[in-house]
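Asks: First the structure, then my questions, so here it is.
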Amino acid sequence: MRRLLAILILYLPWPAFAAALQIVLTDPAGRALPDAVVSAYPVRGAMPPLRIAGPYKVAQQDVQFRPAVTIVPVGATVSFPNHDRFRHHVYSFSAPKRFELKLYGRDESHSILFDKPGTVALGCNIHDAMTAFVRVVDTPFAAKSGADGALVLTGLPPGALRLRVWHPRLKGHGNETEIPVTLPATGLRRAIVLPVRPA
Amino acid sequence: MRPRFTHLRTRLTVAFTGMFAVVLIVIGLAVQMAISDTAERSVARDLNAGVIGFERIWSMRSDQLRQAAGVLAQDYGFRSAVATGDDATTESALHNLRTRIGIPTAFLVKADGGVAGLDPRLAASAAPLAQNLEDGQSEGIVQIGDGLYQAVAMPVRAPTLIGWAVFAVRLDGDAMRALTRLSAIPFDATVLRRDARGRWQGGGAMPPELMAGLAPLDGRKSARLAFDGPAGRTLARTEPLAGFDRAQPALLVLQYPLDAELAALRSLQYLLWGIGAIGLLAVALATARMSRSITRPIAVLDDAARQMEAGSAVRVEIMSGDEIERLAGSFNRMVAAIDERERRIGHLALHDALTGLPNRALLRTQVDTVLRRCLRRGQQVAILGLDLDDFKGVNDTNGHGVGDALLARVATLLSEIAGDAFVARLGGDEFAILLECDGRQAPETLARTIVARLAQPFRIEDQEILIGTSVGIAMAPGDGTDRTTLLKNADLALHRAKTEGRGTYRYFEAGMDAAARARRVLEADLRQGLQDGAFELFYQPLFDLGSNRVTAFEALIRWRHPTRGMISPLEFIPIAEDTGLIVPLGEWVIRQATREAMSWPAPVRVAVNVSPIQFRTPGLLATLVDALARSGLEPHRLEVEITESIFLADTDATLATLHSLRSLGVRIALDDFGTGFSSLSYLRSFPFDKIKIDRSFITDLLHGHENIAIVRAITHLAQAMGMETTAEGVEDAEQLAALRLEGCTNVQGFLFSRPVPADQVVTLFEMSHAPVAQAA
């Protein structure tokens with residue numbers, strides 16, 4: 001469905017001032033890297049306004065956060081509904097947003113406002129294996145790679161861009177790295193190999 | 001070099017003890033090796049066990065650390081503190097944990113490389129851990145500061161990885177010792193870490209020999225080492241340990257000196273050597289004892305053999321019932337046999353084989369013994385020297401077999417007569433009797449008995465044999481006190497008895513010795529005189545009664561002695577005959593006479609006397625021929641005068657010689673006729689040219705009828721046989737007249753001339769013609 005959408009986007013007529021950036025992410029072994037977030041910042045020109053769509057939701061189901069990676073714009077509110085029969089204790093020690101949702105049960109939901117950009121790692125104090133990330137971005141151009149490691153950023157102004165690439169296992173400070181890119185008006189397809197820690 | 005033993009016993013003892021010692025040493029060495037081997041294997045096994053134990057403890061402690069680290073890493077508050085960068089809380093939590101569970105080293109390595117909970121001085125050395133942790137390493141040996149640690153790390157997630165809780169135990173001396181307390185032997189355990197340059201570090205005081213052995217190891221496999229360290233031979237075992245940094249492996253080294261293991265076995269070794277030493281001593285004593293019992297009989301034999309060698313008669317008694325007893329038996333028989341043989345040899349050496357009487361050698365010792373004994377007691381000792389008269393004639397006439405039988409009979413007879421006295425045969429027909437004059441038997445009585453008994457005829461092989469004996473007696477101490485003198489004096493007395501008519505006995509007298517000595521001196525002078533030409537010839541004319549002329553001269557020898565002056569032939573001719581000097585002397589006479597006669601007018605002859613001894617020498621004929629040839633004298637002018645005693649020996653040989661002389665043309669005269677045997681058969685057997693009538697008849701010619709008759713008979717006989725006659729010793733005219741009357745053809749004597757020196761011969765010859773003719 002998502003792939004179809006991507007194809008549609010690719011072939012739809014596009015305003016002349018906007019170009020598409022297609023990125024495929026792999027690890028050094030050549031495997032596709034899903035759940036990587038790429039956010040783009042035009043070097044010149046004004047940043048278009050953020051659009052806070054929603055609702056943003058990170059559910060807990062089958063002792064897992066779903067989805068594992070969620071992209072939200074700064075100022076968005078994310079709800080944490082519990083679909084499991086037992087309780088979770090969701091917490092974040094991440095600098096952009098520290099919070100703790102102590103032991104709440106089935107179908108209980110709490111909402112948290114993410115007001116600073118950055119990555120917020122979510123954990124459950126009861127279930128160590130549960131991990132999820134909320135990538136809080138301050139740009140309208142951000143996308144998450146699919147299972148095939150591919151993503152498309154659309155509506156970008158051609159010209160110089162700074163790409164911030166984040167992945168939970170990416171080596172480096174904050175698990176992110178910055179890559180400069182010059183986007184031609186005709187668009188760009190770019191393959192990026194990310195140095196990631198073994199899963 | 002081969003050891004030399006003077007005793008068989010020592011040799012046996014040394015050999016057996018030595019053998020046992022060698023066996024002991026071999027066993028000892030084998031045991032020693034076995035012990036060493038066992039010890040080595042035991043140490044190796046213990047070291048292996050040590051390694052296993054260490055690994056078990058290692059993993060146990062690892063689990064412990066992991067558990068503790070896990071607890072910490074899970075702690076919500078701790079994670080919160082770490083995640084929010086609250087270092088004070090983090091360190092406080094780490095401190096709390098260290099004290100609570102007693103883990104001295106616990107710290108946090110943050111994902112960004114920071115280190116919390118560690119002394120700031122050590123923090124820097126721990127920082128590189130982050131890289132290893134990042135690579136997924138969770139345990140291993142790590143170096144923090146100077147120390148090596150066993151470390152375990154647990155990730156701290158919140159929920160993403162924000163760091164690692166690292167719990168570590170320092171592997172210092174105490175920790176390692178604690179480890180070895182659990183093992184069977186107190187080995188020395190050390191952990192080493194390979195540094196960036198590939199060298200093993202962290203051992204503290206490790207023996208350099210061991211370090212050298214470890215150097216080539218890469219630490220990926222276990223290894224065994226053996227080295228000679230400060231504590232002696234040491235075994236080591238290494239086991240690789242995971243390093244926190246894979247590039248820097250660690251090594252567990254266990255070492256244990258073999259001596260320490262052997263120390264436990266040392267008492268066993270001492271015991272073994274002690275038993276060996278006692279055994280050796282026991283064997284030495286037992287062997288010495290046994291070999292003494294074996295060799296004692298041999299020593300007895302050895303000793304006996306030495307005694308036998310020294311000349312004493314020995315007999316060994318060994319009752320061992322074995323070969324040695326049989327050997328002793330053989331030895332005894334051998335000793336007896338040698339003894340018997342010695343006796344026989346001794347008897348032979350001291351006795352005469354023919355008669356069985358003691359010989360001269362035994363006589364000598366016997367004389368010595370008896371002399372010593374008797375002279376000490378003041379007794380007299382007599383030595384009787386005996387010599388058979390005419391024994392040579394018996395041998396010549398009756399053969400040696402009869403001669404030997406006669407000697408044996410005489411010996412038996414002498415022994416019978418002598419009784420207790422000591423009878424010896426000195427050789428040939430000489431005997432001697434040693435008589436101790438203890439009064440029982442007087443030497444004179446014995447001598448008389450012997451002379452009388454031996455004068456009686458013996459009957460041997462159907463032949464009647466008549467001999468006699470002469471006896472000389474010397475008495476000790478009167479005639480000498482030593483053996484040599486006594487024997488010599490007895491011999492002198494015997495000589496006197498023989499010269500004074502045989503068949504009698506004589507006591508030694510002092511003069512005999514002097515006479516004998518004078519005789520010896522004369523003999524020596526005679527030899528010297530012969531060399532020096534001290535002799536000369538005098539000539540006495542022979543007057544022919546038919547022609548009234550001197551027809552010949554008789555050569556008479558004279559000796560001009562350098563100190564004694566002229567010496568008569570009567571004195572020195574017998575000595576010359578006894579000593580054989582008569583031969584060269586006679587030769588000289590022949591040569592001298594023929595040479596001097598050459599100056600005389602022919603046909604005057606020269607007459608020379610030839611002694612019977614000279615006559616028997618084979619050289620006589622050659623001498624005559626040579627003398628005639630050299631002088632040029634015609635043979636018929638040479639007259640050889642012989643006496644009838646030449647016929648006493650081999651008559652055939654005598655006649656042959658006479659005929660040979662005759663064939664030369666030499667005239668032959670029979671001298672001194674009328675004395676001795678004067679057998680007429682001699683005259684028949686050989687045609688002499690002349691018979692010389694002995695002077696004894698002429699001297700008394702006018703005093704008795706008988707002498708005239710004898711002279712007449714001789715002249716008539718000679719006339720009948722065609723022989724000339726010469727009367728010797730004519731001293732006065734009456735005698736000459738009587739002889740002429742009786743038909744004697746020649747005369748010789750002082751009436752005509754004494755013997756004159758050679759230079760007066762010719763004068764005498766010339767002078768003689770007229771006066772003598774007138775006198776006649």
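Residues in the structure tokens are numbered from 1 in each chain, the chains being A, B, ... in the order shown, and ligands are numbered from 1 in the order shown.
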Should the cut-off be 10 Å, what would the residue list for chain A against chain B look like, counting only C-alpha atoms, as a tab-separated table (two decimals) with C-alpha atoms, in the first residue's frame?

Replies:
```tsv
chain	number	residue	atom	x	y	z
A	91	TYR	CA	9.22	5.87	30.51
A	92	SER	CA	11.68	8.08	28.72
A	93	PHE	CA	14.99	9.34	30.03
A	94	SER	CA	15.66	11.13	26.73
A	95	ALA	CA	16.59	14.77	26.95
A	98	ARG	CA	11.48	12.90	30.02
A	120	VAL	CA	12.98	10.11	22.59
A	121	ALA	CA	13.72	6.49	23.49
A	122	LEU	CA	10.72	4.79	25.03
A	123	GLY	CA	11.03	1.87	27.36
A	124	CYS	CA	8.85	-0.13	29.65
A	125	ASN	CA	10.13	-0.56	33.18
A	126	ILE	CA	8.41	-3.89	33.40
A	127	HIS	CA	9.28	-5.29	30.06
A	128	ASP	CA	12.92	-4.65	29.23
A	129	ALA	CA	12.58	-5.85	25.67
A	130	MET	CA	10.09	-3.19	24.78
A	131	THR	CA	11.75	-0.32	23.02
A	132	ALA	CA	10.39	2.38	20.71
A	133	PHE	CA	11.50	5.72	19.47
A	168	PRO	CA	18.51	3.36	16.56
A	169	ARG	CA	21.66	1.31	15.91
A	171	LYS	CA	27.02	4.46	15.50
A	172	GLY	CA	27.71	7.98	16.54
A	173	HIS	CA	26.45	10.61	18.89
A	174	GLY	CA	22.72	10.51	19.22
A	197	ARG	CA	25.83	-1.76	15.36
A	198	PRO	CA	24.79	-5.37	14.98
```

Asks: Determine, counting only C-alpha atoms, which protein, DNA and RNA residues have an atom within 9 Å of an atom of range 611-616 of chain B; residues of the same chain fewer than 6 positions away are not included. Present the result as a PyMOL selection string.

Replies: chain B and resi 577+580+582-584+586-587+641-647+649+653-654+657

Asks: Can you spit out the residues from that selection as a short mmCIF file (atom, residue, chain, number, x, y, z; two decimals), in the first residue's frame, using N, CA and C atoms?

Replies:
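The resulting again38.cif:
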```cif
data_model
loop_
_atom_site.label_atom_id
_atom_site.label_comp_id
_atom_site.auth_asym_id
_atom_site.auth_seq_id
_atom_site.Cartn_x
_atom_site.Cartn_y
_atom_site.Cartn_z
N GLU B 577 158.78 -85.82 31.99
CA GLU B 577 157.97 -86.95 31.54
C GLU B 577 156.58 -86.89 32.17
N GLY B 580 154.61 -84.07 30.49
CA GLY B 580 154.46 -84.08 29.03
C GLY B 580 155.41 -83.11 28.36
N ILE B 582 158.34 -83.43 28.12
CA ILE B 582 159.38 -84.24 27.50
C ILE B 582 159.26 -84.20 25.97
N VAL B 583 158.00 -84.02 25.48
CA VAL B 583 157.80 -84.04 24.02
C VAL B 583 158.49 -82.85 23.35
N PRO B 584 158.16 -81.60 23.73
CA PRO B 584 158.88 -80.49 23.10
C PRO B 584 160.39 -80.52 23.40
N GLY B 586 162.25 -83.20 23.90
CA GLY B 586 162.88 -84.23 23.06
C GLY B 586 163.02 -83.76 21.62
N GLU B 587 161.99 -83.01 21.18
CA GLU B 587 162.03 -82.50 19.81
C GLU B 587 163.21 -81.55 19.62
N GLU B 641 168.21 -93.78 20.48
CA GLU B 641 168.32 -94.73 21.58
C GLU B 641 166.98 -94.79 22.32
N ILE B 642 166.48 -96.03 22.38
CA ILE B 642 165.21 -96.20 23.11
C ILE B 642 165.42 -97.18 24.23
N THR B 643 164.50 -97.18 25.20
CA THR B 643 164.56 -98.18 26.28
C THR B 643 163.49 -99.22 26.02
N GLU B 644 163.66 -100.35 26.67
CA GLU B 644 162.71 -101.44 26.40
C GLU B 644 161.32 -101.16 26.98
N SER B 645 161.20 -100.12 27.80
CA SER B 645 159.88 -99.83 28.36
C SER B 645 158.86 -99.43 27.29
N ILE B 646 159.36 -99.07 26.12
CA ILE B 646 158.39 -98.74 25.04
C ILE B 646 157.56 -99.96 24.68
N PHE B 647 158.06 -101.14 24.99
CA PHE B 647 157.30 -102.36 24.66
C PHE B 647 156.19 -102.64 25.66
N ALA B 649 153.76 -100.81 26.49
CA ALA B 649 152.45 -100.39 25.96
C ALA B 649 152.08 -101.28 24.78
N ALA B 653 151.95 -101.25 17.91
CA ALA B 653 152.18 -99.86 17.53
C ALA B 653 153.66 -99.52 17.66
N THR B 654 154.29 -100.05 18.70
CA THR B 654 155.71 -99.79 18.93
C THR B 654 156.55 -100.33 17.76
N THR B 657 156.16 -98.22 14.68
CA THR B 657 156.97 -97.00 14.74
C THR B 657 158.45 -97.33 14.47
#
```

Asks: Can you list every residue in chain A that DSSP puts in strand (DSSP E), as a PyMOL selection string?

Replies: chain A and resi 19-26+37-42+56-57+59-60+65-66+69-73+76-79+88-92+99-104+111-114+118-124+131-137+142-144+150-156+159-166+176-183+188-193

Asks: Find the residues around range 511-522 of chain B up to 8 Å (only C-alpha atoms counted), leave out those fewer than 4 positions away in its own chain, and share them as a list in words.

Replies: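 The residues satisfying every condition are Asn489, Leu492, Ala493, Arg496, Leu526, Phe572 and Ile575 of chain B.
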
Asks: Could you check which of B:Arg246, B:Arg197, B:Arg181, B:His495 is closest to Arg220 in chain B, using only C-alpha atoms?

Replies: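 Smallest separation from Arg220 in chain B among the options: B:Arg246.
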
Asks: Would you work out the distance separating CA of Ala196 in chain B from CA of Asp172 in chain B, expressed in Å to one decimal?

Replies: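 A separation of 21.2 Å between them.
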
Asks: When you look at Asp107 in chain A with a cut-off of 6 Å (counting only C-alpha atoms), what residues show up, excluding the ones that are within fewer than 5 positions of it in the same chain? I need them as a PDB file with C-alpha atoms, in the first residue's frame.

Replies:
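Result written to selection-v4.pdb:
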```pdb
ATOM      1  CA  PRO A  81      -2.782   3.338  24.424  1.00  0.00           C
ATOM      2  CA  ASN A  82      -2.329  -0.018  26.127  1.00  0.00           C
ATOM      3  CA  HIS A  83      -3.922  -2.906  24.222  1.00  0.00           C
TER       4      HIS A  83
END
```

Asks: CA of Leu434 in chain B and CA of Val381 in chain B are how many Å apart?

Replies: 7.4 Å

Asks: So that I can see what lies close to Asp27 in chain A, please list as an MDAnalysis selection string the residues with an atom at most 9 Å from it, counting only C-alpha atoms and leaving out residues fewer than 4 positions away in the same chain.

Replies: chainID A and resid 31:33 192:196

Asks: List as a list in words the protein and nucleic acid residues near Thr154 in chain A, meaning an atom at most 8 Å away when only C-alpha atoms are counted, but skip any in the same chain fewer than 6 places from it.

Replies: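 Everything that qualifies: Ala18, Ala19, Ala20, Leu21 and Phe141 of chain A.
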
Asks: Given the selection you just returned, output its residues as a file containing N, CA and C atoms, formatted as a PDB file, in the first residue's frame.

Replies:
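Below is the file that was written, part02.pdb:
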```pdb
ATOM      1  N   ALA A  18       9.188  22.019  -6.799  1.00  0.00           N
ATOM      2  CA  ALA A  18       9.462  20.945  -5.832  1.00  0.00           C
ATOM      3  C   ALA A  18      10.071  19.729  -6.511  1.00  0.00           C
ATOM      4  N   ALA A  19      10.972  19.105  -5.783  1.00  0.00           N
ATOM      5  CA  ALA A  19      11.617  17.887  -6.313  1.00  0.00           C
ATOM      6  C   ALA A  19      11.541  16.781  -5.273  1.00  0.00           C
ATOM      7  N   ALA A  20      11.662  15.573  -5.743  1.00  0.00           N
ATOM      8  CA  ALA A  20      11.606  14.412  -4.824  1.00  0.00           C
ATOM      9  C   ALA A  20      13.015  13.843  -4.587  1.00  0.00           C
ATOM     10  N   LEU A  21      13.280  13.449  -3.334  1.00  0.00           N
ATOM     11  CA  LEU A  21      14.568  12.792  -2.983  1.00  0.00           C
ATOM     12  C   LEU A  21      14.258  11.347  -2.546  1.00  0.00           C
ATOM     13  N   PHE A 141      10.051  18.042   6.169  1.00  0.00           N
ATOM     14  CA  PHE A 141      10.551  16.988   5.274  1.00  0.00           C
ATOM     15  C   PHE A 141      11.195  15.874   6.089  1.00  0.00           C
TER      16      PHE A 141
END
```

Asks: Taking only C-alpha atoms into account, name the residue in B:Pro569, B:Phe688, B:Leu664, B:Arg266 that is nearest to Ala629 in chain B.

Replies: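 Among the listed residues, the smallest separation from Ala629 in chain B belongs to B:Leu664.
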
Asks: Enumerate as JSON, numbers by chain all residues of range 212-334 of chain B assigned to helix (DSSP H, G or I) by DSSP on the backbone, naming them with the chain letters and numbers the document uses.

Replies: {"B": [212, 213, 214, 258, 259, 260, 261, 262, 263, 264, 265, 266, 267, 268, 269, 270, 271, 272, 273, 274, 275, 276, 277, 278, 279, 280, 281, 282, 283, 284, 285, 286, 287, 288, 289, 290, 291, 292, 293, 294, 295, 296, 297, 298, 299, 300, 301, 302, 303, 304, 305, 306, 307, 308, 309, 310, 323, 324, 325, 326, 327, 328, 329, 330, 331, 332, 333, 334]}

Asks: State, in Å with one decimal place, the distance from CA of Glu176 in chain A to CA of Ala36 in chain A.

Replies: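 Interatomic distance here is 9.6 Å.
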